[in-house]
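Undergrad: Just one file: input.cif, with mmCIF, C-alpha atoms.
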```
data_upload
#
loop_
_atom_site.group_PDB
_atom_site.id
_atom_site.type_symbol
_atom_site.label_atom_id
_atom_site.label_comp_id
_atom_site.auth_asym_id
_atom_site.auth_seq_id
_atom_site.Cartn_x
_atom_site.Cartn_y
_atom_site.Cartn_z
ATOM 1 C CA MET D 1 25.356 -57.861 -13.118
ATOM 2 C CA ARG D 2 21.702 -56.783 -13.038
ATOM 3 C CA ARG D 3 21.696 -56.949 -9.230
ATOM 4 C CA ARG D 4 24.853 -54.823 -9.084
ATOM 5 C CA ARG D 5 23.367 -52.190 -11.397
ATOM 6 C CA LEU D 6 20.149 -52.124 -9.338
ATOM 7 C CA ALA D 7 22.156 -51.685 -6.145
ATOM 8 C CA GLN D 8 24.144 -48.841 -7.707
ATOM 9 C CA ALA D 9 20.958 -47.137 -8.883
ATOM 10 C CA LEU D 10 19.387 -47.406 -5.432
ATOM 11 C CA ALA D 11 22.552 -46.114 -3.793
ATOM 12 C CA GLY D 12 22.611 -43.192 -6.228
ATOM 13 C CA ALA D 13 18.993 -42.378 -5.486
ATOM 14 C CA GLY D 14 19.663 -42.466 -1.761
ATOM 15 C CA LEU D 15 22.683 -40.203 -2.142
ATOM 16 C CA ALA D 16 20.675 -37.710 -4.190
ATOM 17 C CA ALA D 17 18.074 -37.535 -1.449
ATOM 18 C CA LEU D 18 20.798 -36.572 1.035
ATOM 19 C CA LEU D 19 22.372 -33.819 -1.078
ATOM 20 C CA PRO D 20 22.089 -30.279 0.355
ATOM 21 C CA MET D 21 19.132 -28.381 -1.074
ATOM 22 C CA PRO D 22 21.174 -25.771 -3.019
ATOM 23 C CA LEU D 23 22.714 -28.571 -5.090
ATOM 24 C CA ARG D 24 19.263 -29.763 -6.155
ATOM 25 C CA ALA D 25 16.617 -27.945 -8.095
ATOM 26 C CA ALA D 26 14.818 -25.810 -5.505
ATOM 27 C CA SER D 27 11.274 -24.492 -5.767
ATOM 28 C CA PRO D 28 10.899 -20.708 -5.355
ATOM 29 C CA THR D 29 9.682 -19.341 -2.038
ATOM 30 C CA ARG D 30 5.962 -18.651 -2.576
ATOM 31 C CA LEU D 31 4.567 -15.654 -0.740
ATOM 32 C CA THR D 32 1.012 -14.312 -0.685
ATOM 33 C CA LEU D 33 0.687 -10.522 -0.905
ATOM 34 C CA GLY D 34 -2.615 -9.002 0.259
ATOM 35 C CA THR D 35 -3.645 -5.968 -1.821
ATOM 36 C CA ALA D 36 -7.218 -4.522 -1.940
ATOM 37 C CA THR D 37 -10.388 -4.382 -4.032
ATOM 38 C CA PRO D 38 -10.302 -4.019 -7.840
ATOM 39 C CA GLY D 39 -10.000 -0.470 -9.119
ATOM 40 C CA GLY D 40 -7.852 0.757 -6.237
ATOM 41 C CA GLY D 41 -4.213 1.771 -6.147
ATOM 42 C CA PHE D 42 -3.126 -1.116 -3.913
ATOM 43 C CA GLN D 43 -4.014 -3.702 -6.551
ATOM 44 C CA VAL D 44 -1.992 -1.833 -9.171
ATOM 45 C CA TYR D 45 0.959 -1.445 -6.812
ATOM 46 C CA GLY D 46 0.816 -5.087 -5.701
ATOM 47 C CA GLN D 47 0.944 -6.361 -9.264
ATOM 48 C CA ALA D 48 3.908 -4.139 -10.163
ATOM 49 C CA TYR D 49 5.719 -4.957 -6.895
ATOM 50 C CA ALA D 50 5.312 -8.720 -7.312
ATOM 51 C CA ALA D 51 6.363 -8.652 -10.969
ATOM 52 C CA ALA D 52 9.489 -6.586 -10.305
ATOM 53 C CA LEU D 53 10.646 -8.640 -7.314
ATOM 54 C CA ASN D 54 9.948 -11.977 -8.991
ATOM 55 C CA GLU D 55 11.917 -10.833 -12.025
ATOM 56 C CA THR D 56 14.845 -9.598 -9.942
ATOM 57 C CA ASP D 57 15.110 -12.657 -7.679
ATOM 58 C CA THR D 58 13.798 -15.830 -9.279
ATOM 59 C CA THR D 59 13.911 -17.645 -5.925
ATOM 60 C CA LEU D 60 10.927 -15.493 -4.904
ATOM 61 C CA ALA D 61 7.365 -16.044 -6.136
ATOM 62 C CA LEU D 62 5.082 -13.296 -4.801
ATOM 63 C CA GLU D 63 1.417 -13.872 -5.573
ATOM 64 C CA PRO D 64 -0.912 -10.848 -5.189
ATOM 65 C CA ARG D 65 -4.267 -11.627 -3.583
ATOM 66 C CA ALA D 66 -7.291 -9.325 -3.730
ATOM 67 C CA THR D 67 -8.659 -8.421 -0.285
ATOM 68 C CA ARG D 68 -10.890 -5.709 1.152
ATOM 69 C CA GLY D 69 -7.831 -3.559 1.841
ATOM 70 C CA SER D 70 -5.757 -2.410 4.791
ATOM 71 C CA THR D 71 -8.210 -3.218 7.550
ATOM 72 C CA GLU D 72 -8.575 -6.806 6.326
ATOM 73 C CA ASN D 73 -4.889 -7.277 5.539
ATOM 74 C CA LEU D 74 -3.915 -6.620 9.161
ATOM 75 C CA PRO D 75 -5.918 -9.466 10.781
ATOM 76 C CA LEU D 76 -4.962 -11.794 7.921
ATOM 77 C CA LEU D 77 -1.291 -11.038 8.583
ATOM 78 C CA GLU D 78 -1.741 -11.558 12.313
ATOM 79 C CA ALA D 79 -3.412 -14.919 11.651
ATOM 80 C CA GLY D 80 -0.610 -15.959 9.293
ATOM 81 C CA ALA D 81 -3.068 -16.172 6.382
ATOM 82 C CA LEU D 82 -0.959 -13.692 4.397
ATOM 83 C CA ASP D 83 2.816 -13.470 4.207
ATOM 84 C CA LEU D 84 2.839 -9.806 3.184
ATOM 85 C CA GLY D 85 0.130 -7.154 3.120
ATOM 86 C CA LEU D 86 -0.267 -3.581 1.884
ATOM 87 C CA VAL D 87 -1.405 -1.233 4.643
ATOM 88 C CA THR D 88 -1.894 2.526 4.754
ATOM 89 C CA GLY D 89 0.103 4.535 7.286
ATOM 90 C CA GLU D 90 -2.961 5.437 9.349
ATOM 91 C CA VAL D 91 -4.009 1.809 9.777
ATOM 92 C CA ALA D 92 -0.419 0.754 10.539
ATOM 93 C CA HIS D 93 -0.116 3.556 13.108
ATOM 94 C CA GLU D 94 -3.235 2.363 14.917
ATOM 95 C CA ALA D 95 -1.998 -1.231 14.862
ATOM 96 C CA PHE D 96 1.470 -0.498 16.230
ATOM 97 C CA ALA D 97 0.150 1.984 18.823
ATOM 98 C CA GLY D 98 -2.747 -0.248 19.918
ATOM 99 C CA ILE D 99 -5.405 2.357 19.114
ATOM 100 C CA GLY D 100 -8.858 0.765 19.252
ATOM 101 C CA ARG D 101 -7.295 -2.711 19.319
ATOM 102 C CA PRO D 102 -4.438 -4.644 20.979
ATOM 103 C CA ALA D 103 -1.022 -3.527 19.736
ATOM 104 C CA ALA D 104 0.336 -5.573 16.821
ATOM 105 C CA THR D 105 3.571 -6.600 18.489
ATOM 106 C CA GLY D 106 4.661 -9.182 15.910
ATOM 107 C CA LEU D 107 4.088 -7.469 12.558
ATOM 108 C CA ARG D 108 7.066 -5.766 10.951
ATOM 109 C CA ILE D 109 7.697 -3.338 8.093
ATOM 110 C CA VAL D 110 9.280 -4.716 4.928
ATOM 111 C CA ASN D 111 9.310 -1.449 3.002
ATOM 112 C CA ALA D 112 7.645 1.899 2.558
ATOM 113 C CA MET D 113 5.481 2.102 -0.569
ATOM 114 C CA HIS D 114 4.695 5.780 -1.259
ATOM 115 C CA PRO D 115 2.954 8.675 0.496
ATOM 116 C CA ASN D 116 -0.817 8.189 0.583
ATOM 117 C CA SER D 117 -2.160 11.694 -0.156
ATOM 118 C CA GLY D 118 -5.859 12.212 0.490
ATOM 119 C CA LEU D 119 -8.067 14.623 -1.463
ATOM 120 C CA PHE D 120 -11.430 14.886 -3.228
ATOM 121 C CA ALA D 121 -12.278 14.730 -6.923
ATOM 122 C CA VAL D 122 -15.362 16.460 -8.299
ATOM 123 C CA ARG D 123 -16.512 16.849 -11.889
ATOM 124 C CA ALA D 124 -14.830 19.758 -13.649
ATOM 125 C CA ASP D 125 -18.245 21.441 -14.082
ATOM 126 C CA SER D 126 -19.139 21.101 -10.369
ATOM 127 C CA ALA D 127 -20.080 24.165 -8.352
ATOM 128 C CA LEU D 128 -18.178 22.726 -5.356
ATOM 129 C CA HIS D 129 -14.744 24.277 -4.783
ATOM 130 C CA THR D 130 -13.794 23.971 -1.095
ATOM 131 C CA LEU D 131 -13.960 21.483 1.744
ATOM 132 C CA ALA D 132 -16.678 23.650 3.336
ATOM 133 C CA ASP D 133 -18.747 23.255 0.152
ATOM 134 C CA LEU D 134 -18.668 19.476 0.591
ATOM 135 C CA ARG D 135 -20.414 19.416 3.978
ATOM 136 C CA GLY D 136 -23.760 17.668 3.702
ATOM 137 C CA ARG D 137 -22.933 16.373 0.232
ATOM 138 C CA ARG D 138 -22.873 12.801 -1.093
ATOM 139 C CA ILE D 139 -19.276 11.625 -0.726
ATOM 140 C CA ALA D 140 -17.959 8.193 -1.709
ATOM 141 C CA TRP D 141 -15.146 7.538 0.769
ATOM 142 C CA GLY D 142 -14.038 4.251 -0.799
ATOM 143 C CA ALA D 143 -14.408 0.589 0.112
ATOM 144 C CA ARG D 144 -15.108 -0.010 3.801
ATOM 145 C CA GLY D 145 -11.870 -1.910 4.305
ATOM 146 C CA SER D 146 -9.772 0.766 2.642
ATOM 147 C CA GLY D 147 -7.167 2.760 4.508
ATOM 148 C CA PHE D 148 -8.444 5.830 2.657
ATOM 149 C CA VAL D 149 -11.553 5.684 4.839
ATOM 150 C CA VAL D 150 -9.353 5.686 7.949
ATOM 151 C CA LEU D 151 -7.431 8.705 6.641
ATOM 152 C CA ALA D 152 -10.751 10.463 5.991
ATOM 153 C CA ARG D 153 -11.819 9.868 9.581
ATOM 154 C CA TYR D 154 -8.594 11.456 10.857
ATOM 155 C CA LEU D 155 -9.186 14.442 8.580
ATOM 156 C CA ALA D 156 -12.744 14.840 9.829
ATOM 157 C CA ASP D 157 -11.767 14.364 13.477
ATOM 158 C CA GLY D 158 -9.024 16.967 13.232
ATOM 159 C CA LEU D 159 -11.581 19.458 11.952
ATOM 160 C CA GLY D 160 -14.266 18.585 14.494
ATOM 161 C CA LEU D 161 -16.382 16.797 11.893
ATOM 162 C CA ASP D 162 -17.882 13.328 11.606
ATOM 163 C CA LEU D 163 -18.086 11.433 8.322
ATOM 164 C CA ASP D 164 -21.546 10.046 8.941
ATOM 165 C CA ARG D 165 -23.039 13.123 10.624
ATOM 166 C CA ASP D 166 -21.658 15.963 8.505
ATOM 167 C CA PHE D 167 -21.694 14.268 5.097
ATOM 168 C CA GLU D 168 -24.005 11.935 3.221
ATOM 169 C CA SER D 169 -21.441 9.161 3.302
ATOM 170 C CA ILE D 170 -21.327 6.297 0.832
ATOM 171 C CA TYR D 171 -19.071 3.252 1.246
ATOM 172 C CA LEU D 172 -18.350 1.139 -1.797
ATOM 173 C CA GLU D 173 -18.103 -2.591 -2.281
ATOM 174 C CA ARG D 174 -15.263 -2.056 -4.748
ATOM 175 C CA ALA D 175 -13.139 1.044 -5.323
ATOM 176 C CA ALA D 176 -13.786 0.744 -9.080
ATOM 177 C CA GLU D 177 -17.450 1.757 -8.577
ATOM 178 C CA GLY D 178 -16.666 5.353 -7.616
ATOM 179 C CA PRO D 179 -15.804 7.027 -10.960
ATOM 180 C CA ALA D 180 -19.038 5.931 -12.670
ATOM 181 C CA MET D 181 -21.064 7.172 -9.694
ATOM 182 C CA LEU D 182 -19.426 10.590 -9.959
ATOM 183 C CA ALA D 183 -19.929 10.711 -13.724
ATOM 184 C CA ASP D 184 -23.684 10.060 -13.548
ATOM 185 C CA GLY D 185 -24.347 12.254 -10.526
ATOM 186 C CA ARG D 186 -25.044 9.615 -7.879
ATOM 187 C CA ILE D 187 -22.305 11.196 -5.743
ATOM 188 C CA ASP D 188 -20.987 14.766 -5.524
ATOM 189 C CA ALA D 189 -17.358 13.924 -4.775
ATOM 190 C CA LEU D 190 -14.999 10.973 -4.652
ATOM 191 C CA TRP D 191 -12.360 10.695 -1.914
ATOM 192 C CA GLY D 192 -9.067 9.024 -2.760
ATOM 193 C CA GLY D 193 -5.564 10.077 -3.530
ATOM 194 C CA GLY D 194 -1.992 9.661 -4.523
ATOM 195 C CA SER D 195 -0.424 9.925 -7.946
ATOM 196 C CA ALA D 196 -1.790 7.550 -10.604
ATOM 197 C CA TRP D 197 -4.673 6.389 -8.378
ATOM 198 C CA PRO D 198 -6.969 4.484 -10.799
ATOM 199 C CA GLY D 199 -10.175 6.121 -9.566
ATOM 200 C CA PHE D 200 -8.886 9.645 -10.119
ATOM 201 C CA THR D 201 -7.336 8.686 -13.453
ATOM 202 C CA ALA D 202 -10.734 7.417 -14.626
ATOM 203 C CA VAL D 203 -12.482 10.616 -13.515
ATOM 204 C CA ALA D 204 -9.836 12.924 -15.000
ATOM 205 C CA ASP D 205 -9.880 11.071 -18.325
ATOM 206 C CA SER D 206 -13.695 11.044 -18.573
ATOM 207 C CA PRO D 207 -15.543 13.459 -20.883
ATOM 208 C CA GLN D 208 -16.580 15.558 -17.860
ATOM 209 C CA GLY D 209 -13.011 15.849 -16.523
ATOM 210 C CA ALA D 210 -12.049 16.385 -12.895
ATOM 211 C CA ARG D 211 -11.163 19.108 -10.429
ATOM 212 C CA PHE D 212 -9.472 18.347 -7.110
ATOM 213 C CA ILE D 213 -10.230 19.717 -3.657
ATOM 214 C CA ALA D 214 -7.805 19.537 -0.723
ATOM 215 C CA PRO D 215 -7.979 21.048 2.776
ATOM 216 C CA ASP D 216 -6.521 24.562 2.938
ATOM 217 C CA ASP D 217 -3.379 25.303 4.949
ATOM 218 C CA ALA D 218 -5.237 26.221 8.141
ATOM 219 C CA ALA D 219 -7.277 23.009 8.016
ATOM 220 C CA LEU D 220 -4.166 20.925 7.368
ATOM 221 C CA GLN D 221 -2.456 22.446 10.387
ATOM 222 C CA ARG D 222 -5.445 21.701 12.637
ATOM 223 C CA VAL D 223 -5.356 18.031 11.629
ATOM 224 C CA ILE D 224 -1.578 17.742 12.074
ATOM 225 C CA ASP D 225 -1.731 19.477 15.474
ATOM 226 C CA LYS D 226 -4.191 16.852 16.684
ATOM 227 C CA HIS D 227 -2.693 13.827 14.914
ATOM 228 C CA SER D 228 1.067 14.284 14.712
ATOM 229 C CA PHE D 229 1.731 11.199 12.553
ATOM 230 C CA ILE D 230 -0.256 12.807 9.707
ATOM 231 C CA ARG D 231 2.017 14.760 7.358
ATOM 232 C CA ARG D 232 1.759 17.313 4.606
ATOM 233 C CA THR D 233 2.189 15.660 1.233
ATOM 234 C CA MET D 234 2.240 17.041 -2.278
ATOM 235 C CA LEU D 235 0.569 15.811 -5.439
ATOM 236 C CA PRO D 236 2.761 17.160 -8.270
ATOM 237 C CA ALA D 237 1.195 19.096 -11.117
ATOM 238 C CA GLY D 238 0.378 16.854 -14.049
ATOM 239 C CA SER D 239 -0.371 13.798 -11.939
ATOM 240 C CA TYR D 240 -3.784 13.776 -13.644
ATOM 241 C CA ARG D 241 -5.119 15.242 -16.857
ATOM 242 C CA GLY D 242 -6.136 18.850 -16.313
ATOM 243 C CA GLN D 243 -4.243 19.215 -13.003
ATOM 244 C CA ASP D 244 -2.026 22.220 -13.779
ATOM 245 C CA ARG D 245 -0.669 22.953 -10.283
ATOM 246 C CA ASP D 246 0.866 21.192 -7.312
ATOM 247 C CA ILE D 247 -1.658 20.289 -4.619
ATOM 248 C CA VAL D 248 -0.582 20.239 -0.974
ATOM 249 C CA THR D 249 -2.706 17.913 1.128
ATOM 250 C CA LEU D 250 -2.320 15.377 3.945
ATOM 251 C CA GLY D 251 -1.411 11.734 4.290
ATOM 252 C CA SER D 252 1.258 9.296 5.439
ATOM 253 C CA TRP D 253 3.473 6.549 4.032
ATOM 254 C CA SER D 254 1.743 3.337 2.998
ATOM 255 C CA LEU D 255 3.689 0.229 3.972
ATOM 256 C CA VAL D 256 4.332 -3.387 3.049
ATOM 257 C CA LEU D 257 4.010 -5.359 6.307
ATOM 258 C CA ALA D 258 5.063 -8.938 7.018
ATOM 259 C CA ARG D 259 3.534 -11.602 9.243
ATOM 260 C CA ALA D 260 5.341 -12.160 12.531
ATOM 261 C CA SER D 261 6.772 -15.532 11.523
ATOM 262 C CA LEU D 262 8.264 -14.490 8.170
ATOM 263 C CA PRO D 263 11.876 -15.784 8.283
ATOM 264 C CA ASP D 264 14.654 -13.204 8.405
ATOM 265 C CA ASP D 265 16.322 -14.706 5.344
ATOM 266 C CA VAL D 266 13.148 -14.278 3.293
ATOM 267 C CA SER D 267 12.657 -10.633 4.270
ATOM 268 C CA ARG D 268 16.348 -10.002 3.546
ATOM 269 C CA ARG D 269 15.934 -11.432 0.034
ATOM 270 C CA ILE D 270 12.840 -9.294 -0.523
ATOM 271 C CA ALA D 271 14.729 -6.170 0.554
ATOM 272 C CA LEU D 272 17.691 -6.941 -1.697
ATOM 273 C CA ALA D 273 15.333 -7.671 -4.615
ATOM 274 C CA LEU D 274 13.524 -4.383 -4.002
ATOM 275 C CA HIS D 275 16.848 -2.537 -4.052
ATOM 276 C CA GLY D 276 18.118 -4.367 -7.120
ATOM 277 C CA GLY D 277 14.810 -4.101 -8.956
ATOM 278 C CA ARG D 278 13.955 -0.509 -8.077
ATOM 279 C CA GLU D 279 14.308 0.706 -11.681
ATOM 280 C CA SER D 280 12.169 -2.172 -12.957
ATOM 281 C CA LEU D 281 9.511 -1.346 -10.363
ATOM 282 C CA ALA D 282 9.524 2.363 -11.246
ATOM 283 C CA ARG D 283 9.123 1.534 -14.950
ATOM 284 C CA ARG D 284 6.060 -0.549 -14.166
ATOM 285 C CA LEU D 285 4.576 2.082 -11.851
ATOM 286 C CA PRO D 286 6.313 5.491 -11.558
ATOM 287 C CA LEU D 287 4.745 6.125 -8.144
ATOM 288 C CA ALA D 288 6.530 3.018 -6.849
ATOM 289 C CA GLY D 289 9.866 4.673 -7.527
ATOM 290 C CA GLU D 290 9.538 5.960 -3.957
ATOM 291 C CA SER D 291 9.619 2.379 -2.620
ATOM 292 C CA THR D 292 13.241 2.516 -1.505
ATOM 293 C CA LEU D 293 15.039 1.243 1.579
ATOM 294 C CA ALA D 294 16.133 4.796 2.406
ATOM 295 C CA ASN D 295 12.491 5.936 2.418
ATOM 296 C CA THR D 296 11.636 2.902 4.551
ATOM 297 C CA LEU D 297 14.047 4.129 7.212
ATOM 298 C CA ALA D 298 12.500 7.595 7.051
ATOM 299 C CA ALA D 299 8.911 6.316 7.159
ATOM 300 C CA ALA D 300 9.306 3.977 10.171
ATOM 301 C CA SER D 301 8.456 5.718 13.431
ATOM 302 C CA ARG D 302 10.928 3.406 15.200
ATOM 303 C CA PRO D 303 13.767 1.429 13.542
ATOM 304 C CA GLU D 304 12.830 -1.710 15.467
ATOM 305 C CA LEU D 305 9.522 -1.836 13.576
ATOM 306 C CA ILE D 306 11.485 -2.732 10.427
ATOM 307 C CA HIS D 307 11.874 -6.485 9.918
ATOM 308 C CA PRO D 308 15.275 -7.760 11.204
ATOM 309 C CA GLY D 309 16.054 -9.373 7.854
ATOM 310 C CA VAL D 310 15.394 -6.072 6.067
ATOM 311 C CA ARG D 311 17.664 -4.242 8.507
ATOM 312 C CA ARG D 312 20.364 -6.808 7.800
ATOM 313 C CA ALA D 313 20.025 -6.111 4.069
ATOM 314 C CA MET D 314 20.232 -2.380 4.764
ATOM 315 C CA ARG D 315 23.505 -2.822 6.656
ATOM 316 C CA GLU D 316 24.901 -4.935 3.811
ATOM 317 C CA LEU D 317 24.039 -2.083 1.439
ATOM 318 C CA GLY D 318 25.653 0.516 3.690
ATOM 319 C CA LEU D 319 22.478 2.072 5.075
ATOM 320 C CA PRO D 320 22.446 3.098 8.775
ATOM 321 C CA ALA D 321 19.834 0.542 9.877
#
```
Since I need it in another form, could you write the structure as structure tokens?

TA:
Amino acid sequence: MRRRRLAQALAGAGLAALLPMPLRAASPTRLTLGTATPGGGFQVYGQAYAAALNETDTTLALEPRATRGSTENLPLLEAGALDLGLVTGEVAHEAFAGIGRPAATGLRIVNAMHPNSGLFAVRADSALHTLADLRGRRIAWGARGSGFVVLARYLADGLGLDLDRDFESIYLERAAEGPAMLADGRIDALWGGGSAWPGFTAVADSPQGARFIAPDDAALQRVIDKHSFIRRTMLPAGSYRGQDRDIVTLGSWSLVLARASLPDDVSRRIALALHGGRESLARRLPLAGESTLANTLAAASRPELIHPGVRRAMRELGLPA
């Protein structure tokens, strides 16, 4: 009798090992998400994005990882050291077009994040009011790996300027260092952008307050004429304390990119979770309300740059992918 029971137990164990995976308890698919340095908008977005998607689809387990930003996320994605990475539109444009580097033929877009709008913050009591006033001044452009620095270089190039020749340029180890440097006078202006960017929020909420400087219309047009992927963007009034008017400036869509080997089924699940969890994501971070599949279609310069699994999800949802 004991031998029979032992044989039955062993047979049962062997049968369980052969059962299809969905019939057994499955571990969630763990995915690393490269963000940026502390104090920057990418870290805030990455945390909200991971939380919303993990909540919406419990078979996903996105884990944000601090990096040096867009320019580090790209090589990490290409090496397969990250599954997903946050990248500004300027850095993604250079990667896909092969500007200054071999073209990134394997990376694909998972979704558009939000427009990355570049502008300057100065103290509210500053005597600086225009972009011309900032020439020769101490400007903190952000962390060296940040896509904001790349956007700044496109702005300067479009206007015939050079960041390191025409400004006293300062590059930070961490984006969080900038507001304190502006408050105590170590810098004259802080470059950054977008709604709810932590650096600008800190400056605007400080006792000194903030005023924002963007290129004027003629300067914007010069940059766009030279770099056609750069677009006009708008920072709505009230994005920061004391900002009582809309500000038109320049930028492009930031993107979530995937490594070349990310399976189609995984990217499809991410896309469906993003669509299903869009309200949850917007509650966590209002700016992320623009992270929709429809905006992803609009932001991609070519549809084939969107991950095949994401395009499959779009078709299932009735979008013209």

Undergrad: Calculate how many Å separate CA of Ala189 in chain D from CA of Phe120 in chain D, rounding to one decimal.

TA: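 Taking CA of Ala189 in chain D and CA of Phe120 in chain D, their separation equals 6.2 Å.
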
Undergrad: Please determine, counting all atoms listed in the file, which residue among D:Leu281, D:Gly100, D:Asn111, D:Pro198 has the shortest atom-to-atom distance to Thr296 in chain D.

TA: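 Smallest distance to Thr296 in chain D is found for D:Asn111.
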
Undergrad: For the atom pair CA of Gly276 in chain D and CA of Ala51 in chain D, what is the interatomic distance in Å to one decimal place?

TA: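 Separation between CA of Gly276 in chain D and CA of Ala51 in chain D: 13.1 Å.
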
Undergrad: Output the residue selection produced by the PyMOL selection byres ((chain D and resi 234) around 9) on the file above, formatted as a PyMOL selection string.

TA: chain D and resi 115+117+194+232-233+235-236+246-250

Undergrad: Using the chain letters and numbers from the file, which residues does the PyMOL selection byres ((chain D and resi 138-148) around 6) grab, as a list in words?

TA: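 Matching residues under the PyMOL selection byres ((chain D and resi 138-148) around 6) are Arg68, Gly69, Ser70, Thr71, Thr88, Arg137, Val149, Val150, Leu151, Glu168, Ser169, Ile170, Tyr171, Leu172, Glu173, Arg174, Ala175, Ile187, Asp188, Ala189, Leu190 and Trp191 of chain D.
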
Undergrad: Please write the residues picked by the PyMOL selection byres ((chain D and resi 28) around 6) on this file as a list in words.

TA: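 Against this file, the PyMOL selection byres ((chain D and resi 28) around 6) returns the residues Ser27, Thr29, Thr59, Leu60 and Ala61 of chain D.
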
Undergrad: Just give me the gap between CA of Asn295 in chain D and CA of Glu316 in chain D in Å, one decimal is fine.

TA: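 Atom-to-atom, CA of Asn295 in chain D and CA of Glu316 in chain D are spaced 16.6 Å apart.
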
Undergrad: Using all atoms listed in the file, which of D:Trp197, D:Phe96, D:Tyr45, D:Trp253 sits nearest Ser239 in chain D?

TA: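 Comparing D:Trp197, D:Phe96, D:Tyr45, D:Trp253 against Ser239 in chain D, the winner is D:Trp197.
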
Undergrad: I want to know what sits within 12 Å of Ala48 in chain D, based on all atoms listed in the file, with residues of the same chain fewer than 3 positions away left out; could you give that as a ChimeraX atom specification?

TA: /D:33,35,41-45,51-55,62-64,113,274,277-289,291

Undergrad: Find the residue from D:Gly238, D:Gly118, D:Pro263, D:Gly199 that sits nearest to Gly89 in chain D; use only C-alpha atoms when measuring.

TA: D:Gly118

Undergrad: Pick from D:Val91, D:Ala214, D:Leu155, D:Asn73: nearest to Leu131 in chain D, with only C-alpha atoms counted?

TA: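 When distances to Leu131 in chain D are compared using only C-alpha atoms, the smallest one comes from D:Ala214.
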
Undergrad: Any idea what's packed within 7 Å of Val256 in chain D, counting only C-alpha atoms, ignoring anything in its chain fewer than 3 positions away? Could you give it as a list in words?

TA: Leu84, Gly85, Leu86, Val87, Ile109, Val110, Asn111, Ala112 and Met113 of chain D

Undergrad: Of the residues D:Arg312, D:Leu257, D:Leu319, D:Asp133, which is the one nearest to Glu78 in chain D, using all atoms listed in the file?

TA: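 With all atoms listed in the file as the atom set, the closest residue is D:Leu257.
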
Undergrad: With distances taken over only C-alpha atoms, which residue among D:Ala95, D:Leu134, D:Gly251, D:Asp57 lies nearest Arg268 in chain D?

TA: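 Among the listed residues, D:Asp57 lies closest to Arg268 in chain D.
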
Undergrad: Could you pull the residues within 10 Å of His129 in chain D, counting all atoms listed in the file, minus those fewer than 6 positions along the same chain, as a PDB file with C-alpha atoms, in the coordinates of the input?

TA:
```
ATOM      1  CA  VAL D 122     -15.362  16.460  -8.299  1.00  0.00           C
ATOM      2  CA  ARG D 211     -11.163  19.108 -10.429  1.00  0.00           C
ATOM      3  CA  PHE D 212      -9.472  18.347  -7.110  1.00  0.00           C
ATOM      4  CA  ILE D 213     -10.230  19.717  -3.657  1.00  0.00           C
ATOM      5  CA  ALA D 214      -7.805  19.537  -0.723  1.00  0.00           C
TER       6      ALA D 214
END
```

Undergrad: When you look at Ala210 in chain D with a cut-off of 6 Å (counting all atoms listed in the file), what residues show up, excluding the ones that are within fewer than 3 positions of it in the same chain? I need them as number ranges by chain.

TA: D: 122-124, 203-204

Undergrad: Please list as an MDAnalysis selection string every residue within 7 Å of Thr67 in chain D, counting all atoms listed in the file and excluding residues in the same chain fewer than 5 positions away.

TA: chainID D and resid 34:37 72

Undergrad: Where atoms are absent from range 246-256 of chain D, fill them in so it carries N, CA and C atoms, then output it as a tab-separated table (two decimals), in the coordinates of the input.

TA:
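Output (selection-v5.tsv):
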```tsv
chain	number	residue	atom	x	y	z
D	246	ASP	N	0.62	22.08	-8.45
D	246	ASP	CA	0.87	21.19	-7.31
D	246	ASP	C	-0.27	21.34	-6.31
D	247	ILE	N	-0.61	20.25	-5.65
D	247	ILE	CA	-1.66	20.29	-4.62
D	247	ILE	C	-1.05	19.79	-3.31
D	248	VAL	N	-1.04	20.63	-2.31
D	248	VAL	CA	-0.58	20.24	-0.97
D	248	VAL	C	-1.77	19.70	-0.21
D	249	THR	N	-1.61	18.53	0.37
D	249	THR	CA	-2.71	17.91	1.13
D	249	THR	C	-2.11	17.14	2.30
D	250	LEU	N	-2.79	16.10	2.77
D	250	LEU	CA	-2.32	15.38	3.94
D	250	LEU	C	-2.30	13.88	3.67
D	251	GLY	N	-1.49	13.18	4.45
D	251	GLY	CA	-1.41	11.73	4.29
D	251	GLY	C	-0.28	11.15	5.12
D	252	SER	N	0.14	9.96	4.76
D	252	SER	CA	1.26	9.30	5.44
D	252	SER	C	1.77	8.21	4.50
D	253	TRP	N	2.88	7.59	4.87
D	253	TRP	CA	3.47	6.55	4.03
D	253	TRP	C	2.70	5.25	4.15
D	254	SER	N	2.28	4.70	3.01
D	254	SER	CA	1.74	3.34	3.00
D	254	SER	C	2.91	2.36	3.10
D	255	LEU	N	2.62	1.17	3.63
D	255	LEU	CA	3.69	0.23	3.97
D	255	LEU	C	3.37	-1.18	3.48
D	256	VAL	N	4.43	-1.94	3.20
D	256	VAL	CA	4.33	-3.39	3.05
D	256	VAL	C	4.70	-3.99	4.39
```
